[in-house]
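Text of data-v8.txt (compact mmCIF, C-alpha atoms and all ligand atoms) as supplied:
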# COMPACT_ATOMS: atom_id res chain seq x y z
CA MET A 4 0.00 0.00 0.00
CA THR A 5 2.02 2.95 1.09
CA GLU A 6 5.50 3.89 2.16
CA MET A 7 3.94 4.47 5.60
CA ALA A 8 3.03 0.81 6.20
CA HIS A 9 3.37 -2.49 4.47
CA PRO A 10 0.44 -3.93 2.54
CA GLY A 11 -1.58 -7.05 3.13
CA ALA A 12 -2.50 -9.33 0.22
CA ALA A 13 -6.02 -7.86 -0.02
CA ALA A 14 -4.62 -4.35 -0.19
CA ARG A 15 -2.21 -5.34 -2.97
CA ALA A 16 -5.03 -6.89 -4.96
CA ALA A 17 -7.20 -3.80 -4.53
CA ALA A 18 -4.34 -1.58 -5.69
CA MET A 19 -4.39 -3.37 -9.04
CA THR A 20 -7.93 -2.21 -9.84
CA SER A 21 -8.83 1.17 -11.33
CA THR A 22 -10.77 3.94 -9.61
CA VAL A 23 -12.19 7.17 -11.01
CA VAL A 24 -12.90 10.06 -8.66
CA GLU A 25 -15.25 12.43 -10.46
CA ASN A 26 -17.10 15.70 -9.82
CA ILE A 27 -14.01 17.16 -8.16
CA GLY A 28 -14.58 20.88 -7.56
CA LEU A 29 -10.85 21.61 -7.70
CA LEU A 30 -8.05 19.13 -8.44
CA LEU A 31 -4.52 20.16 -7.46
CA THR A 32 -2.07 18.12 -9.57
CA HIS A 33 1.11 20.25 -9.44
CA ASP A 34 1.43 19.29 -13.13
CA LEU A 35 3.59 21.85 -14.90
CA GLU A 36 0.98 22.51 -17.61
CA ARG A 37 -2.24 21.91 -15.68
CA PRO A 38 -1.46 22.49 -12.00
CA GLU A 39 -5.13 23.03 -11.05
CA ILE A 40 -8.23 21.71 -12.83
CA THR A 41 -11.83 22.61 -11.98
CA ASP A 42 -14.83 20.26 -12.52
CA ALA A 43 -12.25 17.51 -12.73
CA ALA A 44 -11.89 13.75 -12.56
CA ILE A 45 -8.82 11.64 -11.83
CA VAL A 46 -8.18 7.95 -12.51
CA PHE A 47 -5.92 5.69 -10.44
CA GLU A 48 -4.81 2.27 -11.64
CA ALA A 49 -2.34 -0.19 -10.15
CA GLY A 50 -1.50 2.37 -7.49
CA ARG A 51 -0.59 5.15 -9.94
CA VAL A 52 -2.23 8.23 -11.45
CA VAL A 53 -3.10 7.31 -15.05
CA TRP A 54 -5.49 10.05 -16.22
CA TRP A 55 -7.03 13.37 -15.26
CA GLY A 56 -9.20 15.90 -17.06
CA SER A 57 -12.78 17.11 -16.97
CA THR A 58 -15.49 14.94 -15.41
CA ALA A 59 -17.42 15.01 -18.70
CA GLU A 60 -14.54 13.18 -20.43
CA ALA A 61 -13.66 10.73 -17.65
CA PRO A 62 -13.13 7.12 -18.77
CA ALA A 63 -14.82 4.14 -17.13
CA ALA A 64 -13.12 2.42 -14.19
CA ASP A 65 -13.78 -0.50 -11.82
CA THR A 66 -14.82 1.85 -9.01
CA ARG A 67 -16.47 5.28 -9.27
CA VAL A 68 -16.31 7.80 -6.46
CA ASP A 69 -18.40 10.99 -6.51
CA ALA A 70 -16.41 13.82 -4.90
CA ALA A 71 -19.54 16.03 -4.95
CA GLY A 72 -17.61 19.24 -5.61
CA ARG A 73 -14.89 18.62 -3.01
CA CYS A 74 -11.22 19.52 -3.48
CA VAL A 75 -8.67 16.75 -4.21
CA LEU A 76 -4.97 17.29 -3.61
CA PRO A 77 -1.81 15.18 -3.16
CA GLY A 78 -1.28 13.47 0.19
CA PHE A 79 1.01 15.47 2.46
CA VAL A 80 4.69 14.56 2.66
CA ASP A 81 5.89 15.13 6.23
CA SER A 82 9.66 15.31 5.80
CA HIS A 83 10.63 15.67 9.48
CA SER A 84 9.37 13.74 12.51
CA HIS A 85 10.68 12.15 15.70
CA ILE A 86 7.80 9.82 16.51
CA MET A 87 9.83 6.85 17.84
CA PHE A 88 9.77 7.69 21.54
CA ALA A 89 8.06 7.02 24.86
CA GLY A 90 6.81 9.43 27.53
CA ASP A 91 5.35 12.87 27.95
CA ARG A 92 6.88 16.34 28.38
CA SER A 93 3.74 18.45 28.55
CA ASP A 94 5.09 20.01 31.77
CA GLU A 95 7.90 21.62 29.71
CA PHE A 96 5.33 22.98 27.26
CA GLU A 97 3.35 24.54 30.10
CA ALA A 98 6.53 26.09 31.54
CA ARG A 99 7.40 27.56 28.12
CA MET A 100 3.98 29.09 27.80
CA ALA A 101 4.71 30.77 31.14
CA GLY A 102 7.97 32.21 29.78
CA ARG A 103 10.67 29.50 30.09
CA PRO A 104 12.86 29.09 26.98
CA TYR A 105 13.15 25.81 25.03
CA GLU A 106 16.36 23.96 25.86
CA ALA A 107 17.89 21.07 23.92
CA GLY A 108 18.64 19.29 27.22
CA GLY A 109 14.99 18.16 27.55
CA ILE A 110 15.79 15.52 24.91
CA ARG A 111 17.57 13.51 27.65
CA ARG A 112 14.29 13.04 29.56
CA THR A 113 12.76 11.35 26.52
CA VAL A 114 15.91 9.28 26.01
CA ALA A 115 15.62 7.86 29.55
CA LEU A 116 11.94 6.93 29.06
CA SER A 117 12.45 5.56 25.53
CA ARG A 118 15.33 3.30 26.57
CA GLU A 119 13.05 1.73 29.20
CA ALA A 120 10.21 1.13 26.73
CA THR A 121 9.73 -2.24 25.03
CA ASP A 122 9.70 -2.61 21.25
CA GLU A 123 5.94 -3.17 21.45
CA GLN A 124 5.40 0.07 23.38
CA LEU A 125 7.57 2.14 21.03
CA LEU A 126 5.96 0.68 17.93
CA ALA A 127 2.43 1.11 19.30
CA ASN A 128 3.07 4.79 20.04
CA ALA A 129 4.64 5.48 16.64
CA THR A 130 1.88 3.56 14.83
CA SER A 131 -0.76 5.57 16.62
CA LEU A 132 0.98 8.82 15.59
CA VAL A 133 1.19 7.61 11.96
CA GLY A 134 -2.58 7.02 12.19
CA GLU A 135 -3.07 10.56 13.50
CA MET A 136 -1.03 11.84 10.57
CA ARG A 137 -3.03 9.78 8.08
CA ARG A 138 -6.31 11.15 9.48
CA GLN A 139 -4.95 14.59 8.61
CA GLY A 140 -3.90 13.78 5.05
CA THR A 141 -0.26 12.71 5.43
CA THR A 142 0.64 9.74 3.24
CA THR A 143 4.47 9.86 3.43
CA VAL A 144 6.43 10.43 6.62
CA GLU A 145 10.10 10.58 7.54
CA ILE A 146 10.95 9.15 10.98
CA LYS A 147 14.19 9.90 12.88
CA SER A 148 15.86 7.97 15.66
CA GLY A 149 17.55 10.09 18.31
CA TYR A 150 15.92 9.03 21.58
CA GLY A 151 18.02 5.88 22.01
CA LEU A 152 21.59 7.22 21.82
CA SER A 153 23.16 3.81 22.49
CA VAL A 154 24.11 1.32 19.80
CA HIS A 155 21.35 -1.08 20.86
CA ASP A 156 18.59 1.52 21.27
CA GLU A 157 19.31 3.56 18.14
CA ALA A 158 19.43 0.38 16.04
CA ARG A 159 16.19 -1.03 17.46
CA MET A 160 14.35 2.27 17.03
CA LEU A 161 15.42 2.49 13.39
CA ARG A 162 14.50 -1.15 12.80
CA LEU A 163 11.03 -0.43 14.24
CA ALA A 164 10.71 2.81 12.23
CA SER A 165 11.58 0.98 9.03
CA THR A 166 8.43 -1.14 9.47
CA LEU A 167 6.42 2.09 9.15
CA THR A 168 8.26 4.03 6.43
CA GLU A 169 11.06 3.92 3.87
CA GLU A 170 12.20 7.36 5.02
CA THR A 171 14.22 6.56 8.12
CA THR A 172 16.91 8.87 9.49
CA PHE A 173 19.77 8.01 11.84
CA LEU A 174 20.00 10.82 14.41
CA GLY A 175 22.45 9.34 16.89
CA ALA A 176 23.86 12.89 16.98
CA HIS A 177 20.71 14.34 18.56
CA ILE A 178 22.41 15.22 21.84
CA VAL A 179 25.31 13.80 23.85
CA PRO A 180 23.76 11.34 26.32
CA GLU A 181 24.27 11.67 30.08
CA GLU A 182 26.89 8.89 30.27
CA PHE A 183 29.15 10.72 27.76
CA ALA A 184 28.56 14.22 29.17
CA HIS A 185 32.25 14.58 30.04
CA ASP A 186 33.60 13.03 26.85
CA HIS A 187 31.96 14.38 23.69
CA ASP A 188 34.78 13.05 21.56
CA ALA A 189 34.16 9.50 22.73
CA TYR A 190 30.47 9.85 21.86
CA VAL A 191 31.27 11.21 18.38
CA ARG A 192 33.57 8.19 17.90
CA LEU A 193 30.74 5.87 18.92
CA VAL A 194 28.24 7.58 16.58
CA THR A 195 30.61 7.45 13.63
CA GLY A 196 31.77 3.92 14.40
CA GLU A 197 29.81 1.11 16.00
CA MET A 198 26.50 2.99 16.14
CA LEU A 199 26.59 3.97 12.48
CA GLU A 200 27.49 0.39 11.53
CA ALA A 201 24.47 -0.94 13.44
CA CYS A 202 22.06 1.74 12.21
CA ALA A 203 22.98 2.25 8.56
CA PRO A 204 21.22 -0.95 7.39
CA HIS A 205 17.91 0.48 8.68
CA SER A 206 18.46 4.08 7.54
CA ARG A 207 18.19 6.12 4.36
CA TRP A 208 19.45 9.37 5.89
CA ILE A 209 21.81 10.76 8.52
CA ASP A 210 21.01 13.90 10.50
CA VAL A 211 22.82 15.98 13.14
CA PHE A 212 21.38 18.54 15.58
CA CYS A 213 24.00 21.24 14.92
CA ASP A 214 23.21 23.89 17.54
CA THR A 215 23.93 25.24 21.03
CA GLY A 216 23.88 22.45 23.60
CA ALA A 217 24.02 19.75 20.93
CA PHE A 218 26.81 19.30 18.31
CA SER A 219 29.37 21.82 17.01
CA GLU A 220 30.00 22.49 13.34
CA GLU A 221 33.29 20.60 13.53
CA GLU A 222 31.61 17.57 15.11
CA THR A 223 28.84 17.81 12.52
CA ARG A 224 31.35 17.66 9.66
CA VAL A 225 32.93 14.51 11.07
CA ILE A 226 29.58 12.77 11.68
CA ILE A 227 28.14 13.69 8.28
CA ALA A 228 31.30 12.56 6.49
CA ALA A 229 31.03 9.15 8.19
CA GLY A 230 27.34 8.81 7.25
CA LYS A 231 28.02 9.86 3.68
CA ALA A 232 30.82 7.33 3.37
CA ARG A 233 28.33 4.68 4.54
CA GLY A 234 25.95 5.73 1.70
CA LEU A 235 23.41 7.75 3.71
CA GLY A 236 21.78 10.93 2.41
CA ILE A 237 22.37 14.12 4.39
CA ARG A 238 19.91 16.17 6.46
CA LEU A 239 20.67 18.71 9.21
CA HIS A 240 18.89 20.44 12.09
CA GLY A 241 20.22 24.01 11.84
CA ALA A 242 19.59 27.53 13.16
CA GLN A 243 16.86 26.39 15.57
CA LEU A 244 18.22 28.16 18.65
CA GLN A 245 20.45 30.87 17.18
CA GLU A 246 22.13 32.10 14.01
CA SER A 247 25.12 29.88 13.27
CA GLY A 248 27.17 28.42 10.46
CA ALA A 249 24.89 25.36 10.28
CA VAL A 250 22.82 26.49 7.30
CA GLN A 251 25.84 27.32 5.15
CA LEU A 252 27.47 24.10 6.30
CA ALA A 253 24.39 22.15 5.13
CA VAL A 254 24.68 23.78 1.71
CA GLU A 255 28.42 23.12 1.55
CA LEU A 256 27.88 19.46 2.47
CA GLY A 257 25.18 19.08 -0.18
CA ALA A 258 22.45 18.27 2.36
CA ALA A 259 19.05 17.46 0.90
CA SER A 260 17.50 19.59 3.61
CA VAL A 261 18.35 21.88 6.53
CA ASP A 262 15.45 22.10 8.92
CA HIS A 263 14.22 24.74 11.39
CA CYS A 264 15.95 27.83 9.86
CA THR A 265 14.45 29.93 12.65
CA TYR A 266 17.38 32.36 12.82
CA LEU A 267 18.74 33.13 9.35
CA SER A 268 21.35 35.67 8.23
CA ALA A 269 21.28 37.27 4.77
CA ALA A 270 24.25 35.06 3.85
CA ASP A 271 22.27 31.96 4.88
CA VAL A 272 19.39 32.95 2.60
CA ASP A 273 21.81 33.60 -0.29
CA ALA A 274 23.51 30.24 0.25
CA LEU A 275 20.17 28.40 0.26
CA ALA A 276 18.98 30.27 -2.81
CA GLY A 277 21.98 29.19 -4.83
CA SER A 278 21.69 25.54 -3.82
CA ASP A 279 19.60 22.36 -4.04
CA THR A 280 19.25 22.26 -0.27
CA VAL A 281 15.64 22.57 0.84
CA ALA A 282 14.79 24.80 3.82
CA GLY A 283 12.51 22.74 6.08
CA LEU A 284 10.23 25.02 8.07
CA LEU A 285 8.64 23.65 11.24
CA PRO A 286 6.13 26.20 12.57
CA GLY A 287 4.82 23.78 15.20
CA VAL A 288 8.13 24.45 16.99
CA GLU A 289 7.68 28.22 16.93
CA PHE A 290 4.11 27.74 18.15
CA SER A 291 5.14 25.64 21.13
CA THR A 292 8.33 27.49 22.09
CA HIS A 293 7.29 31.13 21.56
CA GLN A 294 10.24 31.57 19.19
CA PRO A 295 9.63 33.86 16.19
CA TYR A 296 7.94 32.42 13.13
CA VAL A 297 10.21 32.17 10.09
CA ASP A 298 9.72 34.83 7.42
CA ALA A 299 9.02 32.34 4.63
CA ARG A 300 8.28 35.20 2.23
CA ARG A 301 11.94 36.22 2.40
CA LEU A 302 13.00 32.69 1.47
CA LEU A 303 10.45 32.25 -1.32
CA ASP A 304 11.26 35.66 -2.82
CA ALA A 305 14.94 34.71 -2.86
CA GLY A 306 14.12 31.51 -4.76
CA VAL A 307 14.68 29.01 -1.92
CA THR A 308 12.79 25.70 -2.08
CA VAL A 309 10.77 25.40 1.10
CA ALA A 310 9.16 22.39 2.82
CA LEU A 311 6.68 22.52 5.68
CA ALA A 312 6.89 19.65 8.16
CA SER A 313 5.49 18.80 11.59
CA ASP A 314 8.73 17.95 13.50
CA CYS A 315 6.33 15.83 15.57
CA ASN A 316 8.20 15.12 18.84
CA PRO A 317 7.39 15.22 22.56
CA GLY A 318 9.64 18.23 23.29
CA SER A 319 9.48 21.12 20.88
CA SER A 320 6.43 20.36 18.68
CA PHE A 321 3.94 17.69 19.65
CA THR A 322 1.67 18.08 16.65
CA SER A 323 1.16 15.55 13.88
CA SER A 324 -0.91 17.98 11.83
CA LEU A 325 0.26 19.44 8.54
CA PRO A 326 -3.06 21.33 8.19
CA PHE A 327 -2.12 23.10 11.44
CA CYS A 328 1.34 23.93 10.04
CA ILE A 329 -0.26 25.23 6.83
CA ALA A 330 -2.57 27.48 8.84
CA LEU A 331 0.39 28.90 10.78
CA ALA A 332 2.41 29.39 7.57
CA VAL A 333 -0.41 31.38 5.99
CA ARG A 334 -1.28 33.32 9.14
CA ASP A 335 2.22 34.09 10.42
CA MET A 336 4.92 33.28 7.87
CA GLY A 337 3.87 35.25 4.80
CA MET A 338 2.93 32.26 2.64
CA THR A 339 -0.12 32.15 0.40
CA PRO A 340 -2.38 29.10 0.81
CA ALA A 341 -1.05 27.75 -2.52
CA GLU A 342 2.57 28.16 -1.37
CA ALA A 343 1.90 26.55 2.00
CA VAL A 344 0.09 23.56 0.49
CA THR A 345 2.87 23.21 -2.10
CA ALA A 346 5.48 23.25 0.68
CA ALA A 347 3.61 20.46 2.55
CA THR A 348 3.36 18.28 -0.56
CA LEU A 349 5.90 18.95 -3.32
CA GLY A 350 8.31 20.69 -0.91
CA GLY A 351 8.32 17.66 1.39
CA ALA A 352 8.96 15.42 -1.60
CA HIS A 353 11.93 17.60 -2.69
CA SER A 354 13.27 17.49 0.85
CA LEU A 355 13.20 13.67 0.71
CA ARG A 356 14.44 13.64 -2.89
CA ARG A 357 11.31 11.76 -3.94
CA GLU A 358 9.83 12.17 -7.42
CA ASP A 359 6.91 9.77 -7.01
CA VAL A 360 5.00 11.57 -4.24
CA GLY A 361 3.88 15.10 -3.36
CA HIS A 362 2.10 15.64 -6.68
CA LEU A 363 -0.54 13.98 -8.88
CA ARG A 364 1.21 14.18 -12.24
CA LEU A 365 0.62 11.25 -14.58
CA GLY A 366 2.61 8.29 -13.25
CA ALA A 367 2.73 9.56 -9.66
CA ARG A 368 1.88 7.31 -6.77
CA ALA A 369 -1.85 7.45 -6.19
CA ASN A 370 -1.55 9.11 -2.77
CA ALA A 371 -4.18 11.81 -2.47
CA GLN A 372 -6.76 13.34 -0.17
CA ILE A 373 -10.35 14.41 -0.67
CA LEU A 374 -11.14 17.42 1.51
CA ASP A 375 -14.53 18.20 2.91
CA ALA A 376 -14.10 21.65 1.34
CA PRO A 377 -14.30 23.14 -2.16
CA HIS A 378 -10.76 24.61 -2.11
CA TYR A 379 -7.44 23.78 -0.44
CA ARG A 380 -7.32 27.29 1.00
CA HIS A 381 -9.86 26.03 3.56
CA LEU A 382 -6.93 24.23 5.21
CA ALA A 383 -5.83 27.64 6.52
CA TYR A 384 -9.23 29.34 6.50
CA ARG A 385 -10.74 26.68 8.82
CA PRO A 386 -7.93 26.05 11.33
CA GLY A 387 -8.40 23.19 13.77
CA VAL A 388 -11.26 21.67 11.77
CA PRO A 389 -10.89 18.04 10.62
CA LEU A 390 -11.34 18.56 6.87
CA LEU A 391 -10.24 15.18 5.57
CA HIS A 392 -13.11 13.33 3.86
CA ARG A 393 -11.14 10.41 2.36
CA VAL A 394 -7.47 9.59 2.01
CA ILE A 395 -6.23 7.59 -0.98
CA VAL A 396 -3.13 5.48 -0.50
CA ASP A 397 -1.63 3.71 -3.49
CA GLY A 398 -5.01 3.98 -5.21
CA GLN A 399 -7.05 2.61 -2.32
CA ILE A 400 -9.69 4.89 -0.89
CA GLU A 401 -9.94 4.86 2.87
CA ALA A 402 -12.39 6.65 5.14
CA ALA A 403 -10.60 9.09 7.45
CA GLU A 404 -12.12 7.40 10.51
CA CYS A 405 -10.64 3.97 9.78
CA PHE A 406 -7.15 4.60 11.24
O1 LIG A 501 13.66 19.12 16.02
N1 LIG A 501 16.09 20.02 17.76
C1 LIG A 501 16.21 18.86 17.97
N2 LIG A 501 15.26 17.91 18.03
C2 LIG A 501 13.86 18.17 18.14
C3 LIG A 501 13.42 18.41 19.54
C4 LIG A 501 13.56 17.21 20.37
C5 LIG A 501 13.08 17.32 21.78
O2 LIG A 501 13.02 18.41 22.39
O3 LIG A 501 12.80 16.24 22.33
C6 LIG A 501 13.47 19.30 17.21
O4 LIG A 501 12.94 20.34 17.63
FE FE A 502 13.57 17.83 14.60

Once more with this new file: its structure as structure tokens, please.
Amino acid sequence: MTEMAHPGAAARAAAMTSTVVENIGLLLTHDLERPEITDAAIVFEAGRVVWWGSTAEAPAADTRVDAAGRCVLPGFVDSHSHIMFAGDRSDEFEARMAGRPYEAGGIRRTVALSREATDEQLLANATSLVGEMRRQGTTTVEIKSGYGLSVHDEARMLRLASTLTEETTFLGAHIVPEEFAHDHDAYVRLVTGEMLEACAPHSRWIDVFCDTGAFSEEETRVIIAAGKARGLGIRLHGAQLQESGAVQLAVELGAASVDHCTYLSAADVDALAGSDTVAGLLPGVEFSTHQPYVDARRLLDAGVTVALASDCNPGSSFTSSLPFCIALAVRDMGMTPAEAVTAATLGGAHSLRREDVGHLRLGARANAQILDAPHYRHLAYRPGVPLLHRVIVDGQIEAAECF
């Protein structure tokens, strides 16, 4: 079925049949010639998009679905999450709302609780969060490790994550764990040695939290070089807590994405604009830390490719909702509804270097959503309202309530 979970035999058989969704009020394809089509129909077959055009010209198919004027758009691509964890840190959120700053050190609380959790507990929590995401239109999700920070725990968390998605990221360099507090160098050696060896088979990407209280730029270079040599793609957490060299380092290293970008210099924006590195914006973090929202307009006007992602994690952003992120991006970050929806679909796909998702061009994976609304701008116009009518995963139509 999807890259978010493995299919059963019945699901595979269903994906081989064709489905036409007709009477679509507005179809968002992101096709270069016909990006938006009104009074549209779309046909899925064998899990792919095979036709779109006007309802009047729609071909026959095994299954017909009447969208009754609703909007259809690609499934969201959430390119940044940390959903493999155990425990709760809502007390930190409450303290931040009362004026306390966010501190990277809180990660260690989740590490302690996650190490104690069984595989079953970790997988149940992550599966439930994937279900939450699906109920809000997300059909592709990236999942990072980073709450294990030992060879055994990082490897098991990535092995569990790889049962839920193809987009797994090794984040052993999330923070230096308690037991290495007095010997960062030894921890960097562990991450680049035995831990990387154990984790690489379950990972597509490597990531480093390059910021105050986490890893320095020099340490980041060493860790990324090791991951690259082991064949992993590069992602970075950068400029979350302060302006730093992390964004330009990401560009220099050829990272697919540098995420957060909360504090950007003019030189950072220029570097991003002249590169293939996507700026991953995570407004759920700004919402739950009282940090300033990113001026996405400045990035878009400079020509930077932008992705919107949830950063779903128990510390800085415990939301699984891309509609919520879209609403914040439109309300507070200077993005139009079209730009915000594009960043949560096509932008996420660029961030993950995926060509098969994030759009509904002919040949794309048939991952889409039918909104209970005539236009995708309702995602921002109606914040907090569950607007998903149906989600389509590899051509199979599922009711939003079935996850
Ligand atoms: O992306 N910045 C690093 N990691 C997460 C926060 C993790 C936590 O606080 O538990 C983030 O915001
Ligand atoms: Fe993150």

Taking all listed atoms of ligand LIG 501 (chain A), build the axis-aligned box, pad each of the six sides by 5 Å, then write its centre and edge lengths in Å to one decimal as lines of an AutoDock Vina configuration file.
center_x = 14.5
center_y = 18.3
center_z = 19.2
size_x = 13.4
size_y = 14.1
size_z = 16.4

Find the residues around A:Gly196 up to 10 Å (only C-alpha atoms counted), leave out those fewer than 6 positions away in its own chain, and share them as an mmCIF file with C-alpha atoms, keeping the file's coordinate frame.
data_model
loop_
_atom_site.group_PDB
_atom_site.id
_atom_site.type_symbol
_atom_site.label_atom_id
_atom_site.label_comp_id
_atom_site.auth_asym_id
_atom_site.auth_seq_id
_atom_site.Cartn_x
_atom_site.Cartn_y
_atom_site.Cartn_z
ATOM 1 C CA VAL A 154 24.110 1.320 19.800
ATOM 2 C CA TYR A 190 30.470 9.850 21.860
ATOM 3 C CA ILE A 226 29.580 12.770 11.680
ATOM 4 C CA ALA A 229 31.030 9.150 8.190
ATOM 5 C CA GLY A 230 27.340 8.810 7.250
#

Discussion item. What does the list of residues within 12 Å of ligand FE 502 (chain A) look like if you count all atoms listed in the file, written as a ChimeraX atom specification?
Written reply: /A:81-86,107,110,145-150,172-174,176-178,210-214,238-243,260-264,283-288,312-321

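Distance annotation: of A:Leu267, A:Leu382, A:Leu374, A:Val307, the residue with the minimal separation from A:Gly72 is A:Leu374; atom set is only C-alpha atoms.
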
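Closest approach to A:Arg92 among A:Thr142, A:Thr166, A:Ile45, A:Ser291 is made by A:Ser291 (distances from all atoms listed in the file).
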
Worksheet item: Near stretch 299-304 of chain A, counting all atoms listed in the file, which residues have an atom at most 12 Å away, once you skip same-chain residues fewer than 2 positions from it, shown as a ChimeraX atom specification?
Response: /A:263-277,281-286,295-297,306-311,329,331-339,342-343,345-346,350

Worksheet entry | Residue contacts of stretch 360-365 of chain A (12 Å, only C-alpha atoms) excluding same-chain residues fewer than 4 positions away, as an NGL selection string | :A and (5-6 or 30-40 or 44-48 or 50-56 or 75-82 or 140-144 or 310 or 344-356 or 369-372 or 395-398)

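Residue nearest ligand LIG 501 (chain A), chosen from A:Val23, A:Val68, A:Val179, A:Ile373 and counting all atoms listed in the file: A:Val179.
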
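Within 8 Å of the point (28.0, 19.4, 4.9), and counting all atoms listed in the file, the protein, DNA and RNA residues are A:Thr223, A:Arg224, A:Ile227, A:Ala228, A:Ile237, A:Leu252, A:Ala253, A:Val254, A:Glu255, A:Leu256, A:Gly257, A:Ala258.
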
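Interatomic distance, atom CA of A:Gly134 to atom CA of A:Phe290: 22.6 Å.
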
Response to the item:
Across A:Arg67, A:His205, A:Arg357, A:Arg111, the smallest distance to ligand LIG 501 (chain A), with all atoms listed in the file counted, is shown by A:Arg111

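Protein and nucleic acid residues near (-15.8, 16.1, -9.4) are Val24, Glu25, Asn26, Ile27, Gly28, Asp42, Ala43, Ala44, Thr58, Asp69, Ala70, Ala71, Gly72 and Arg73 of chain A, the criterion being any atom at most 7 Å away using all atoms listed in the file.
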
With N, CA and C atoms as the target, complete stretch 24-38 of chain A and hand it back as a short mmCIF file (atom, residue, chain, number, x, y, z; two decimals), in the coordinates of the input.
data_model
loop_
_atom_site.label_atom_id
_atom_site.label_comp_id
_atom_site.auth_asym_id
_atom_site.auth_seq_id
_atom_site.Cartn_x
_atom_site.Cartn_y
_atom_site.Cartn_z
N VAL A 24 -12.26 9.11 -9.58
CA VAL A 24 -12.90 10.06 -8.66
C VAL A 24 -13.39 11.20 -9.54
N GLU A 25 -14.70 11.41 -9.55
CA GLU A 25 -15.25 12.43 -10.46
C GLU A 25 -15.99 13.51 -9.69
N ASN A 26 -16.44 14.53 -10.43
CA ASN A 26 -17.10 15.70 -9.82
C ASN A 26 -16.22 16.35 -8.75
N ILE A 27 -14.94 16.48 -9.07
CA ILE A 27 -14.01 17.16 -8.16
C ILE A 27 -14.14 18.67 -8.43
N GLY A 28 -14.44 19.43 -7.38
CA GLY A 28 -14.58 20.88 -7.56
C GLY A 28 -13.26 21.49 -8.01
N LEU A 29 -12.18 21.12 -7.33
CA LEU A 29 -10.85 21.61 -7.70
C LEU A 29 -9.83 20.49 -7.47
N LEU A 30 -9.09 20.16 -8.52
CA LEU A 30 -8.05 19.13 -8.44
C LEU A 30 -6.69 19.81 -8.51
N LEU A 31 -5.88 19.60 -7.48
CA LEU A 31 -4.52 20.16 -7.46
C LEU A 31 -3.56 19.05 -7.88
N THR A 32 -2.97 19.18 -9.07
CA THR A 32 -2.07 18.12 -9.57
C THR A 32 -0.60 18.46 -9.37
N HIS A 33 -0.27 19.76 -9.34
CA HIS A 33 1.11 20.25 -9.44
C HIS A 33 1.73 19.88 -10.80
N ASP A 34 0.90 19.53 -11.78
CA ASP A 34 1.43 19.29 -13.13
C ASP A 34 1.93 20.62 -13.69
N LEU A 35 3.01 20.58 -14.45
CA LEU A 35 3.59 21.85 -14.90
C LEU A 35 2.65 22.58 -15.85
N GLU A 36 1.89 21.84 -16.68
CA GLU A 36 0.98 22.51 -17.61
C GLU A 36 -0.41 22.72 -17.05
N ARG A 37 -0.90 21.77 -16.26
CA ARG A 37 -2.24 21.91 -15.68
C ARG A 37 -2.19 21.70 -14.17
N PRO A 38 -1.65 22.68 -13.45
CA PRO A 38 -1.46 22.49 -12.00
C PRO A 38 -2.78 22.39 -11.23
#
